[in-house]
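Participant: Provided herewith: coords07.cif, mmCIF, C-alpha atoms.
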```cif
data_data
loop_
_atom_site.label_atom_id
_atom_site.label_comp_id
_atom_site.auth_asym_id
_atom_site.auth_seq_id
_atom_site.Cartn_x
_atom_site.Cartn_y
_atom_site.Cartn_z
CA MET A 1 4.92 -24.19 8.54
CA ARG A 2 5.27 -22.89 4.98
CA SER A 3 5.88 -19.17 4.54
CA PHE A 4 6.85 -16.72 1.82
CA LYS A 5 10.44 -16.95 3.01
CA ASP A 6 10.64 -20.37 1.35
CA VAL A 7 9.78 -18.77 -2.01
CA PHE A 8 11.76 -15.57 -1.45
CA GLU A 9 15.04 -17.38 -0.85
CA LYS A 10 14.89 -18.98 -4.29
CA TYR A 11 15.44 -15.58 -5.94
CA GLN A 12 18.45 -13.28 -5.93
CA TRP A 13 18.30 -9.49 -6.33
CA LYS A 14 21.15 -9.38 -8.85
CA GLU A 15 19.65 -12.18 -10.93
CA VAL A 16 16.30 -10.40 -11.17
CA LYS A 17 18.07 -7.23 -12.28
CA LYS A 18 19.97 -9.19 -14.91
CA LYS A 19 16.73 -10.65 -16.27
CA LEU A 20 15.11 -7.23 -16.41
CA ASP A 21 18.02 -5.81 -18.38
CA GLN A 22 17.85 -8.67 -20.87
CA VAL A 23 14.15 -8.26 -21.73
CA SER A 24 13.63 -7.32 -25.38
CA LEU A 25 10.79 -5.44 -27.03
CA SER A 26 9.76 -8.74 -28.62
CA ASP A 27 9.50 -10.33 -25.15
CA VAL A 28 7.23 -7.49 -24.02
CA GLN A 29 4.99 -7.83 -27.06
CA THR A 30 4.70 -11.58 -26.55
CA SER A 31 3.67 -11.05 -22.93
CA LEU A 32 1.04 -8.48 -23.92
CA GLN A 33 -0.52 -10.96 -26.34
CA LYS A 34 -0.75 -13.85 -23.87
CA LYS A 35 -4.15 -14.59 -22.33
CA ASN A 36 -2.91 -15.91 -18.99
CA LYS A 37 -0.03 -13.86 -17.60
CA THR A 38 2.69 -15.26 -15.35
CA LEU A 39 5.30 -13.62 -13.11
CA ASP A 40 7.71 -13.80 -16.04
CA ASP A 41 5.27 -11.69 -18.03
CA PHE A 42 5.02 -9.23 -15.13
CA LEU A 43 8.81 -8.94 -15.16
CA ASN A 44 8.75 -8.27 -18.91
CA LEU A 45 6.15 -5.50 -18.44
CA LEU A 46 8.30 -3.92 -15.72
CA SER A 47 11.41 -3.83 -17.87
CA PRO A 48 12.97 -0.74 -19.47
CA ALA A 49 12.06 -2.25 -22.85
CA ALA A 50 8.34 -2.15 -21.96
CA ALA A 51 8.41 1.65 -21.79
CA GLN A 52 8.20 1.58 -25.59
CA GLU A 53 4.76 -0.04 -25.32
CA LEU A 54 3.41 2.22 -22.57
CA GLU A 55 0.60 3.66 -24.69
CA LYS A 56 -0.67 0.18 -25.56
CA MET A 57 -0.29 -0.95 -21.94
CA ALA A 58 -2.32 2.04 -20.76
CA GLY A 59 -5.14 1.19 -23.14
CA MET A 60 -5.20 -2.42 -21.98
CA THR A 61 -5.14 -1.30 -18.35
CA ARG A 62 -8.14 0.99 -18.82
CA ALA A 63 -10.15 -1.79 -20.50
CA LEU A 64 -9.23 -4.48 -17.97
CA THR A 65 -10.00 -2.25 -14.99
CA GLN A 66 -13.40 -1.28 -16.34
CA LYS A 67 -14.18 -4.92 -17.12
CA ARG A 68 -13.44 -6.08 -13.56
CA PHE A 69 -14.32 -3.04 -11.42
CA GLY A 70 -16.54 -0.93 -13.64
CA LYS A 71 -16.17 2.84 -13.83
CA THR A 72 -15.97 3.29 -10.09
CA ILE A 73 -13.35 4.55 -7.63
CA GLN A 74 -13.57 3.69 -3.93
CA LEU A 75 -12.77 6.69 -1.70
CA TYR A 76 -11.22 6.44 1.74
CA ALA A 77 -9.34 8.58 4.25
CA PRO A 78 -6.57 7.80 6.75
CA LEU A 79 -7.06 8.51 10.44
CA TYR A 80 -3.69 8.77 12.16
CA LEU A 81 -3.87 7.51 15.74
CA SER A 82 -0.32 8.18 16.93
CA ASN A 83 3.09 9.31 15.73
CA GLU A 84 4.89 7.59 18.59
CA CYS A 85 7.45 5.13 17.24
CA GLN A 86 10.23 2.97 18.67
CA ASN A 87 11.97 2.40 15.34
CA ILE A 88 14.66 4.41 13.64
CA CYS A 89 13.84 4.47 9.92
CA THR A 90 15.93 6.80 7.81
CA TYR A 91 13.06 7.75 5.50
CA CYS A 92 10.20 8.39 7.94
CA GLY A 93 9.05 11.50 9.80
CA PHE A 94 7.92 9.34 12.74
CA SER A 95 11.45 7.95 13.28
CA LEU A 96 12.47 7.72 16.96
CA ASP A 97 15.47 9.99 16.45
CA ASN A 98 13.32 12.91 15.25
CA GLN A 99 12.99 15.04 18.39
CA LEU A 100 9.66 16.60 17.56
CA LYS A 101 6.17 16.81 19.04
CA ARG A 102 4.55 13.42 19.58
CA LYS A 103 0.84 12.78 19.84
CA THR A 104 -1.46 9.82 20.57
CA LEU A 105 -5.20 10.36 20.32
CA SER A 106 -7.35 9.94 23.42
CA ASP A 107 -10.84 8.45 23.11
CA THR A 108 -12.36 11.92 22.97
CA GLU A 109 -9.88 13.11 20.35
CA LEU A 110 -10.42 9.96 18.31
CA MET A 111 -14.14 10.65 18.09
CA ILE A 112 -13.57 14.31 17.21
CA GLU A 113 -11.37 13.26 14.32
CA ALA A 114 -13.91 10.62 13.29
CA SER A 115 -16.70 13.21 13.28
CA VAL A 116 -14.74 15.30 10.76
CA LEU A 117 -14.36 12.29 8.48
CA LYS A 118 -18.06 11.53 8.79
CA SER A 119 -18.84 15.12 7.80
CA MET A 120 -16.83 14.40 4.64
CA ASP A 121 -19.21 11.48 4.00
CA ILE A 122 -16.44 8.93 4.51
CA SER A 123 -17.46 5.36 5.28
CA HIS A 124 -14.08 3.67 4.67
CA VAL A 125 -11.39 4.67 7.17
CA LEU A 126 -7.76 3.56 7.38
CA LEU A 127 -6.30 3.64 10.92
CA VAL A 128 -2.57 4.42 10.91
CA SER A 129 0.01 4.64 13.68
CA GLY A 130 3.71 4.58 14.34
CA GLU A 131 5.21 1.38 15.72
CA ALA A 132 5.18 1.72 19.52
CA ASN A 133 3.73 -1.42 21.09
CA LYS A 134 3.55 -0.17 24.67
CA ILE A 135 1.75 3.06 23.78
CA VAL A 136 -0.31 1.94 20.79
CA GLY A 137 -0.57 -1.82 21.07
CA VAL A 138 -3.37 -4.27 20.38
CA PRO A 139 -5.58 -3.13 23.30
CA TYR A 140 -5.42 0.43 21.97
CA PHE A 141 -6.39 -0.73 18.46
CA GLN A 142 -9.20 -2.92 19.80
CA ASN A 143 -10.62 0.04 21.68
CA ALA A 144 -10.35 2.31 18.64
CA VAL A 145 -12.08 -0.19 16.36
CA ARG A 146 -14.90 -0.73 18.87
CA LYS A 147 -15.54 2.99 19.12
CA LEU A 148 -15.38 3.63 15.38
CA LYS A 149 -17.25 0.56 14.11
CA PRO A 150 -20.74 2.06 14.62
CA TYR A 151 -19.80 5.03 12.41
CA PHE A 152 -17.83 3.45 9.53
CA ALA A 153 -18.82 0.63 7.20
CA ASN A 154 -15.24 -0.42 6.63
CA ILE A 155 -12.17 -0.21 8.92
CA SER A 156 -8.64 -0.98 7.73
CA ILE A 157 -5.39 -0.72 9.66
CA GLU A 158 -1.78 0.13 8.84
CA VAL A 159 0.18 -0.40 12.05
CA GLN A 160 3.18 -2.36 13.33
CA PRO A 161 3.45 -6.05 12.37
CA LEU A 162 1.57 -8.18 14.89
CA LEU A 163 1.36 -11.83 15.88
CA GLU A 164 -1.18 -14.15 14.27
CA GLY A 165 -3.31 -14.29 17.41
CA GLU A 166 -3.33 -10.51 17.64
CA TYR A 167 -4.58 -10.25 14.07
CA GLN A 168 -7.29 -12.74 14.96
CA LEU A 169 -8.39 -10.50 17.84
CA LEU A 170 -8.61 -7.49 15.56
CA HIS A 171 -10.43 -9.54 12.93
CA GLU A 172 -13.01 -10.44 15.57
CA GLU A 173 -13.40 -6.75 16.43
CA GLY A 174 -14.26 -5.98 12.82
CA VAL A 175 -11.01 -5.05 11.06
CA HIS A 176 -11.61 -5.64 7.36
CA SER A 177 -8.15 -5.05 5.84
CA VAL A 178 -4.54 -4.92 6.98
CA LEU A 179 -1.86 -3.03 5.05
CA VAL A 180 1.79 -3.83 5.62
CA TYR A 181 4.72 -2.75 3.45
CA GLN A 182 8.06 -4.51 3.35
CA GLU A 183 9.52 -1.10 2.33
CA THR A 184 12.25 -2.87 0.34
CA TYR A 185 12.91 -6.53 -0.43
CA HIS A 186 16.64 -5.84 -0.76
CA GLU A 187 17.70 -7.78 2.31
CA GLU A 188 21.33 -6.68 2.18
CA VAL A 189 20.53 -2.97 2.56
CA TYR A 190 17.32 -3.29 4.61
CA LYS A 191 19.28 -2.93 7.86
CA GLU A 192 20.79 0.37 6.67
CA TYR A 193 17.31 1.87 6.36
CA HIS A 194 16.15 0.35 9.68
CA PRO A 195 19.13 0.53 12.07
CA LYS A 196 17.15 0.30 15.34
CA GLY A 197 13.88 -1.14 16.60
CA LYS A 198 11.77 -4.20 15.94
CA LYS A 199 11.37 -3.17 12.32
CA SER A 200 15.03 -3.97 11.75
CA ASN A 201 14.08 -7.67 11.77
CA PHE A 202 13.72 -8.24 8.02
CA HIS A 203 12.27 -11.75 8.21
CA PHE A 204 9.73 -10.98 10.93
CA ARG A 205 8.32 -8.29 8.69
CA LEU A 206 8.56 -10.52 5.61
CA ASP A 207 6.41 -13.16 7.33
CA THR A 208 3.75 -10.66 8.44
CA PRO A 209 1.34 -11.17 5.49
CA ASP A 210 1.42 -14.92 6.22
CA ARG A 211 0.29 -14.21 9.78
CA ILE A 212 -2.43 -11.90 8.45
CA GLY A 213 -3.59 -14.55 5.99
CA ARG A 214 -3.70 -17.32 8.60
CA ALA A 215 -5.75 -15.01 10.85
CA GLY A 216 -8.46 -14.87 8.19
CA ILE A 217 -8.30 -11.13 7.49
CA HIS A 218 -10.56 -10.29 4.53
CA LYS A 219 -8.07 -8.19 2.55
CA ILE A 220 -4.28 -7.83 2.63
CA GLY A 221 -2.53 -4.77 1.22
CA LEU A 222 1.11 -4.83 0.13
CA GLY A 223 3.58 -2.37 -1.37
CA VAL A 224 7.15 -1.11 -1.35
CA LEU A 225 8.44 2.37 -0.61
CA LEU A 226 9.32 3.54 -4.09
CA GLY A 227 12.61 5.39 -4.02
CA LEU A 228 14.60 3.31 -1.53
CA GLU A 229 15.94 0.85 -4.09
CA ASP A 230 15.44 0.01 -7.78
CA TRP A 231 11.65 0.19 -8.19
CA ARG A 232 11.59 -2.48 -10.87
CA ILE A 233 13.33 -5.13 -8.79
CA ASP A 234 11.47 -4.27 -5.59
CA SER A 235 8.16 -4.41 -7.44
CA PHE A 236 8.96 -7.81 -8.90
CA PHE A 237 9.51 -9.17 -5.40
CA ASN A 238 6.30 -7.51 -4.24
CA ALA A 239 4.41 -9.24 -7.05
CA LEU A 240 6.13 -12.51 -6.17
CA HIS A 241 4.83 -12.03 -2.63
CA ILE A 242 1.28 -11.33 -3.84
CA ASP A 243 1.37 -14.35 -6.16
CA TYR A 244 2.36 -16.61 -3.27
CA LEU A 245 -0.27 -15.15 -0.92
CA GLN A 246 -3.09 -15.47 -3.45
CA LYS A 247 -2.35 -19.16 -3.83
CA GLN A 248 -1.89 -19.77 -0.11
CA TYR A 249 -4.78 -17.65 1.23
CA TRP A 250 -7.20 -17.79 -1.66
CA LYS A 251 -10.17 -16.63 0.40
CA SER A 252 -8.55 -13.22 1.02
CA LYS A 253 -8.57 -10.25 -1.36
CA PHE A 254 -5.40 -8.33 -2.18
CA SER A 255 -4.48 -4.74 -2.92
CA VAL A 256 -1.29 -2.94 -3.84
CA SER A 257 -0.26 0.63 -3.04
CA PHE A 258 2.48 2.77 -4.55
CA PRO A 259 4.00 5.05 -1.89
CA ARG A 260 6.71 7.17 -3.46
CA LEU A 261 9.24 8.64 -1.04
CA ARG A 262 7.94 12.09 -0.08
CA PRO A 263 9.48 14.94 1.96
CA ALA A 264 9.29 14.50 5.75
CA GLU A 265 11.16 15.68 8.81
CA GLY A 266 14.72 14.33 8.99
CA ILE A 267 14.50 11.85 6.10
CA ILE A 268 16.96 10.84 3.42
CA GLU A 269 16.68 11.82 -0.22
CA PRO A 270 15.35 9.09 -2.54
CA ASN A 271 18.04 6.64 -3.59
CA PHE A 272 16.23 6.02 -6.88
CA ILE A 273 14.10 8.60 -8.65
CA MET A 274 10.82 7.31 -10.04
CA GLU A 275 9.19 9.51 -12.67
CA ASP A 276 5.44 9.69 -13.29
CA LYS A 277 5.79 7.66 -16.48
CA ASP A 278 7.57 4.95 -14.49
CA LEU A 279 4.76 4.80 -11.96
CA LEU A 280 2.21 4.58 -14.76
CA GLN A 281 4.16 1.69 -16.29
CA LEU A 282 4.21 -0.08 -12.92
CA ILE A 283 0.46 0.33 -12.42
CA CYS A 284 -0.19 -0.97 -15.93
CA ALA A 285 2.10 -3.95 -15.34
CA TYR A 286 0.20 -4.91 -12.21
CA ARG A 287 -3.22 -4.60 -13.84
CA ILE A 288 -2.31 -6.51 -17.02
CA TRP A 289 -0.71 -9.25 -14.92
CA ASN A 290 -3.48 -9.51 -12.30
CA GLU A 291 -7.01 -8.38 -13.19
CA ASP A 292 -8.38 -8.95 -9.67
CA LEU A 293 -5.79 -6.90 -7.79
CA GLU A 294 -7.10 -3.70 -6.23
CA ILE A 295 -4.91 -0.66 -6.92
CA SER A 296 -4.79 2.19 -4.43
CA ILE A 297 -3.44 5.70 -5.08
CA SER A 298 -2.73 8.00 -2.14
CA THR A 299 -2.38 11.76 -1.78
CA ARG A 300 1.40 11.35 -1.98
CA GLU A 301 0.90 11.80 -5.73
CA ASN A 302 0.37 15.15 -7.42
CA GLU A 303 -2.93 16.47 -8.74
CA VAL A 304 -2.17 15.95 -12.43
CA PHE A 305 -1.13 12.34 -11.98
CA ARG A 306 -4.14 11.54 -9.79
CA ASN A 307 -6.53 13.20 -12.24
CA ASN A 308 -5.24 10.98 -15.03
CA ILE A 309 -4.99 7.75 -13.07
CA VAL A 310 -8.74 7.81 -12.38
CA THR A 311 -9.28 6.23 -15.79
CA LEU A 312 -5.98 4.34 -15.91
CA GLY A 313 -6.12 1.56 -13.37
CA ALA A 314 -6.94 3.03 -9.96
CA THR A 315 -9.67 1.31 -7.96
CA ALA A 316 -9.24 3.22 -4.69
CA MET A 317 -8.04 6.73 -3.80
CA SER A 318 -7.59 8.68 -0.60
CA ALA A 319 -8.55 12.34 -0.42
CA GLY A 320 -8.35 15.24 1.99
CA SER A 321 -5.71 13.27 3.89
CA LYS A 322 -3.94 14.40 7.05
CA THR A 323 -0.86 12.36 7.95
CA ASN A 324 -0.51 13.55 11.55
CA PRO A 325 -2.56 12.42 14.58
CA GLY A 326 -5.27 15.00 15.20
CA GLY A 327 -4.58 16.61 11.84
CA TYR A 328 -8.23 17.01 10.87
CA ALA A 329 -9.30 18.98 13.97
CA VAL A 330 -7.57 18.13 17.27
CA ASP A 331 -3.89 19.02 16.76
CA LYS A 332 -3.02 20.30 13.32
CA GLU A 333 0.59 21.03 14.33
CA SER A 334 1.62 17.50 15.39
CA LEU A 335 4.35 15.72 13.46
CA GLU A 336 3.39 14.47 9.99
CA GLN A 337 4.63 11.15 8.66
CA PHE A 338 5.14 12.76 5.24
CA GLU A 339 3.92 15.74 3.25
CA THR A 340 0.92 15.19 1.02
CA SER A 341 1.13 16.37 -2.58
CA ASP A 342 -2.55 16.45 -3.52
CA GLU A 343 -4.17 18.65 -0.86
CA ARG A 344 -7.60 18.93 -2.48
CA SER A 345 -10.67 18.20 -0.39
CA MET A 346 -12.75 15.05 -0.56
CA GLU A 347 -15.48 16.98 -2.35
CA GLN A 348 -13.03 18.25 -4.98
CA ILE A 349 -11.77 14.71 -5.62
CA ARG A 350 -15.32 13.47 -5.98
CA ALA A 351 -15.91 16.16 -8.60
CA VAL A 352 -12.77 15.11 -10.51
CA ILE A 353 -13.89 11.48 -10.53
CA LYS A 354 -17.40 12.38 -11.69
CA LYS A 355 -16.01 14.64 -14.43
CA ALA A 356 -14.04 11.67 -15.76
CA GLY A 357 -17.30 9.75 -16.06
CA TYR A 358 -16.62 7.57 -13.03
CA ASP A 359 -18.56 7.02 -9.82
CA PRO A 360 -16.88 7.85 -6.48
CA VAL A 361 -18.17 5.10 -4.19
CA MET A 362 -17.87 4.87 -0.42
CA LYS A 363 -18.34 1.13 -0.01
CA ASP A 364 -15.92 -1.74 -0.28
CA TRP A 365 -15.85 -3.59 -3.61
CA ASP A 366 -17.57 -6.63 -2.16
CA SER A 367 -20.43 -4.42 -1.03
CA VAL A 368 -20.61 -2.67 -4.39
CA TYR A 369 -20.95 -5.92 -6.32
CA SER A 370 -23.37 -7.53 -3.90
CA GLY A 371 -25.61 -4.48 -4.00
CA VAL A 372 -25.22 -3.72 -0.27
#
```
Output the structure of this file as structure tokens.
Facilitator:
Amino acid sequence: MRSFKDVFEKYQWKEVKKKLDQVSLSDVQTSLQKKNKTLDDFLNLLSPAAAQELEKMAGMTRALTQKRFGKTIQLYAPLYLSNECQNICTYCGFSLDNQLKRKTLSDTELMIEASVLKSMDISHVLLVSGEANKIVGVPYFQNAVRKLKPYFANISIEVQPLLEGEYQLLHEEGVHSVLVYQETYHEEVYKEYHPKGKKSNFHFRLDTPDRIGRAGIHKIGLGVLLGLEDWRIDSFFNALHIDYLQKQYWKSKFSVSFPRLRPAEGIIEPNFIMEDKDLLQLICAYRIWNEDLEISISTRENEVFRNNIVTLGATAMSAGSKTNPGGYAVDKESLEQFETSDERSMEQIRAVIKKAGYDPVMKDWDSVYSGV
């Protein structure tokens, strides 16, 4: 059975870095002028040389985003189900070796948290948990989706990698989207960041989007944890992954997120620093390369950056986020996965979006364009 691994193994980390370093300003300009962009063009737009054309790239990004998605931003909020985790990950507050308060929401607590999100007029919810199969496994997720489905138009999940049949079960329950991040595509150092637990299996995680695609999930979200390794090289591999998936599972939609390493209990410092201008370049590169790709910006980013990105490529944004289970009402002191940077309320974010001349929508893009 074909998988992304077959494509991935044709590329070498050092060779991609070499290509990036060799890109000239002329190469970047040629890529910007091309009508149909390839992965080689994406690599050119990621390169250090492309920073010289950032203003032009930003203008193109604004125009392409408005052409495809209009002047609208989809709003959503995460609902953290559990911070239990059986992995040791050196960058995560949920890591097994952090001896702090753990919490898994009961049915009653789940609905209390959901009621807070509904009071914020949220209709798109992202269910998040640590990776602990025995405590928060597929039966737990099925139950949560069943209870929440009557109250939310759109349910996405960001949980541990599952088997194809398990994704099919969740698809049948009504899960619309699945987000899964490889964290880093640098196979040689992946084990150093994930020394214990099922997550330490690089290839099992690498094959997860294939299992999601075969299960018929409507939308697949990918990303890398920006700060673990060279963001340019990691992002090239992430785009390579998206390119493969779009061709293999053409009925599915795709989104990309940009989690930058943020402070959390017991985590390492970023190995690579990514400045705001670098993140803007990355977002522009994705949009210019792939006009249909949805681009999501979380509350990890600061207020100034999020204010500006409303008109510069974002199609979805979270707001008022709590990254700990029960954080909205039930247990505000439980362990967070990471600190948020933009702590403004959902209503404040709506006001920012409207001030920019955009419409903060609560529906999924398919619903927006079908008039649902």
Participant: Just want the 7 Å neighbourhood of Lys103 of chain A, counted on all atoms listed in the file, with same-chain residues fewer than 6 positions away dropped. Output as a PDB file with C-alpha atoms, keeping the file's coordinate frame.
Facilitator:
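Below is the file around.pdb, written as the result:
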```pdb
ATOM      1  CA  SER A  82      -0.320   8.180  16.930  1.00  0.00           C
ATOM      2  CA  ASN A  83       3.090   9.310  15.730  1.00  0.00           C
ATOM      3  CA  GLU A  84       4.890   7.590  18.590  1.00  0.00           C
ATOM      4  CA  PRO A 325      -2.560  12.420  14.580  1.00  0.00           C
ATOM      5  CA  SER A 334       1.620  17.500  15.390  1.00  0.00           C
TER       6      SER A 334
END
```
Participant: Given the file shown, enumerate the residues that the PyMOL selection byres ((chain A and resi 50) around 9) captures and present them as a PyMOL selection string.
Facilitator: chain A and resi 23-25+27-29+44-49+51-54+57+281
Participant: Just the number, please: distance in Å from atom CA of Leu245 of chain A to atom CA of Ile288 of chain A, one decimal.
Facilitator: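 Between these atoms lies a distance of 18.4 Å.
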Participant: Apply the PyMOL selection byres ((chain A and resi 88) around 9) to the structure shown and report the selected residues as a VMD selection string.
Facilitator: chain A and resid 85 to 87 89 to 92 94 to 98 193 to 197 199 to 200
Participant: Find the spatial neighbours of segment 225-242 of chain A, counting all atoms listed in the file, within a cut-off of 9 Å - ignore same-chain residues fewer than 6 positions away - and output them as a CSV table (one decimal) with C-alpha atoms, in the coordinates of the input.
Facilitator:
```
chain,number,residue,atom,x,y,z
A,4,PHE,CA,6.8,-16.7,1.8
A,7,VAL,CA,9.8,-18.8,-2.0
A,8,PHE,CA,11.8,-15.6,-1.4
A,11,TYR,CA,15.4,-15.6,-5.9
A,13,TRP,CA,18.3,-9.5,-6.3
A,14,LYS,CA,21.2,-9.4,-8.8
A,16,VAL,CA,16.3,-10.4,-11.2
A,17,LYS,CA,18.1,-7.2,-12.3
A,20,LEU,CA,15.1,-7.2,-16.4
A,39,LEU,CA,5.3,-13.6,-13.1
A,42,PHE,CA,5.0,-9.2,-15.1
A,43,LEU,CA,8.8,-8.9,-15.2
A,46,LEU,CA,8.3,-3.9,-15.7
A,47,SER,CA,11.4,-3.8,-17.9
A,48,PRO,CA,13.0,-0.7,-19.5
A,91,TYR,CA,13.1,7.8,5.5
A,181,TYR,CA,4.7,-2.8,3.4
A,182,GLN,CA,8.1,-4.5,3.4
A,183,GLU,CA,9.5,-1.1,2.3
A,184,THR,CA,12.2,-2.9,0.3
A,185,TYR,CA,12.9,-6.5,-0.4
A,186,HIS,CA,16.6,-5.8,-0.8
A,189,VAL,CA,20.5,-3.0,2.6
A,193,TYR,CA,17.3,1.9,6.4
A,209,PRO,CA,1.3,-11.2,5.5
A,254,PHE,CA,-5.4,-8.3,-2.2
A,255,SER,CA,-4.5,-4.7,-2.9
A,256,VAL,CA,-1.3,-2.9,-3.8
A,258,PHE,CA,2.5,2.8,-4.6
A,259,PRO,CA,4.0,5.0,-1.9
A,260,ARG,CA,6.7,7.2,-3.5
A,261,LEU,CA,9.2,8.6,-1.0
A,269,GLU,CA,16.7,11.8,-0.2
A,270,PRO,CA,15.4,9.1,-2.5
A,271,ASN,CA,18.0,6.6,-3.6
A,272,PHE,CA,16.2,6.0,-6.9
A,273,ILE,CA,14.1,8.6,-8.6
A,274,MET,CA,10.8,7.3,-10.0
A,278,ASP,CA,7.6,5.0,-14.5
A,282,LEU,CA,4.2,-0.1,-12.9
A,286,TYR,CA,0.2,-4.9,-12.2
```
Participant: For this file, the PyMOL selection byres ((chain A and resi 146-159) around 6) selects which residues, as a ChimeraX atom specification?
Facilitator: /A:123-129,143-145,160,175-179
Participant: Go ahead and save the picked residues with C-alpha atoms, as a compact mmCIF listing (two decimals), in the frame of the given file.
Facilitator:
```txt
# COMPACT_ATOMS: atom_id res chain seq x y z
CA SER A 123 -17.46 5.36 5.28
CA HIS A 124 -14.08 3.67 4.67
CA VAL A 125 -11.39 4.67 7.17
CA LEU A 126 -7.76 3.56 7.38
CA LEU A 127 -6.30 3.64 10.92
CA VAL A 128 -2.57 4.42 10.91
CA SER A 129 0.01 4.64 13.68
CA ASN A 143 -10.62 0.04 21.68
CA ALA A 144 -10.35 2.31 18.64
CA VAL A 145 -12.08 -0.19 16.36
CA GLN A 160 3.18 -2.36 13.33
CA VAL A 175 -11.01 -5.05 11.06
CA HIS A 176 -11.61 -5.64 7.36
CA SER A 177 -8.15 -5.05 5.84
CA VAL A 178 -4.54 -4.92 6.98
CA LEU A 179 -1.86 -3.03 5.05
```
Participant: Tell me which protein, DNA and RNA residues are within 7 Å of Arg62 of chain A, counting all atoms listed in the file, leaving out same-chain ones fewer than 3 positions away, and put them as a short mmCIF file (atom, residue, chain, number, x, y, z; two decimals) with C-alpha atoms, in the coordinates of the input.
Facilitator:
```cif
data_model
loop_
_atom_site.label_atom_id
_atom_site.label_comp_id
_atom_site.auth_asym_id
_atom_site.auth_seq_id
_atom_site.Cartn_x
_atom_site.Cartn_y
_atom_site.Cartn_z
CA ALA A 58 -2.32 2.04 -20.76
CA GLY A 59 -5.14 1.19 -23.14
CA THR A 65 -10.00 -2.25 -14.99
CA GLN A 66 -13.40 -1.28 -16.34
CA THR A 311 -9.28 6.23 -15.79
CA LEU A 312 -5.98 4.34 -15.91
CA GLY A 313 -6.12 1.56 -13.37
#
```
Participant: Quote the spacing between atom CA of Met60 of chain A and atom CA of Trp289 of chain A in Å to one decimal place.
Facilitator: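 About the pair atom CA of Met60 of chain A and atom CA of Trp289 of chain A: they are 10.8 Å apart.
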Participant: Just checking: using all atoms listed in the file, which residue out of A:Ile349, A:Ile297, A:Leu206, A:Cys284 ends up closest to Ser3 of chain A?
Facilitator: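 The answer is A:Leu206, which sits nearest to Ser3 of chain A.
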Participant: Name the residues in contact with Thr315 of chain A at a cut-off of 8 Å, using only C-alpha atoms, excluding same-chain residues fewer than 5 positions from it; report them as a PyMOL selection string.
Facilitator: chain A and resi 65+69+72-74+294-296+310
Participant: Hey, can you check how far atom CA of Lys35 of chain A sits from atom CA of Lys277 of chain A?
Facilitator: 25.1 Å
Participant: With 6 Å of padding per side, what axis-aligned box (centre and edge lengths, Å, one decimal) covers all the listed atoms of segment 208-216 of chain A? Give it as JSON.
Facilitator:
```
{"center_x": -2.4, "center_y": -14.0, "center_z": 8.2, "size_x": 24.2, "size_y": 18.7, "size_z": 17.4}
```
Participant: Find the residues around Glu303 of chain A up to 9 Å (all atoms listed in the file counted), leave out those fewer than 4 positions away in its own chain, and share them as a list in words.
Facilitator: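 Final neighbour list, sorted by chain and number: Thr299, Asn307, Asn308, Ser341, Asp342, Glu343 and Arg344 of chain A.
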Participant: May I ask which of the residues A:Asp276, A:Asp359, A:Asp331, A:Glu15 is the closest one to Ala316 of chain A, counting all atoms listed in the file?
Facilitator: A:Asp359
Participant: From the list A:Gly213, A:Met1, A:Ala329, A:Thr30, which residue is nearest Leu105 of chain A when using all atoms listed in the file?
Facilitator: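 Ranked by minimum distance to Leu105 of chain A, first place goes to A:Ala329.
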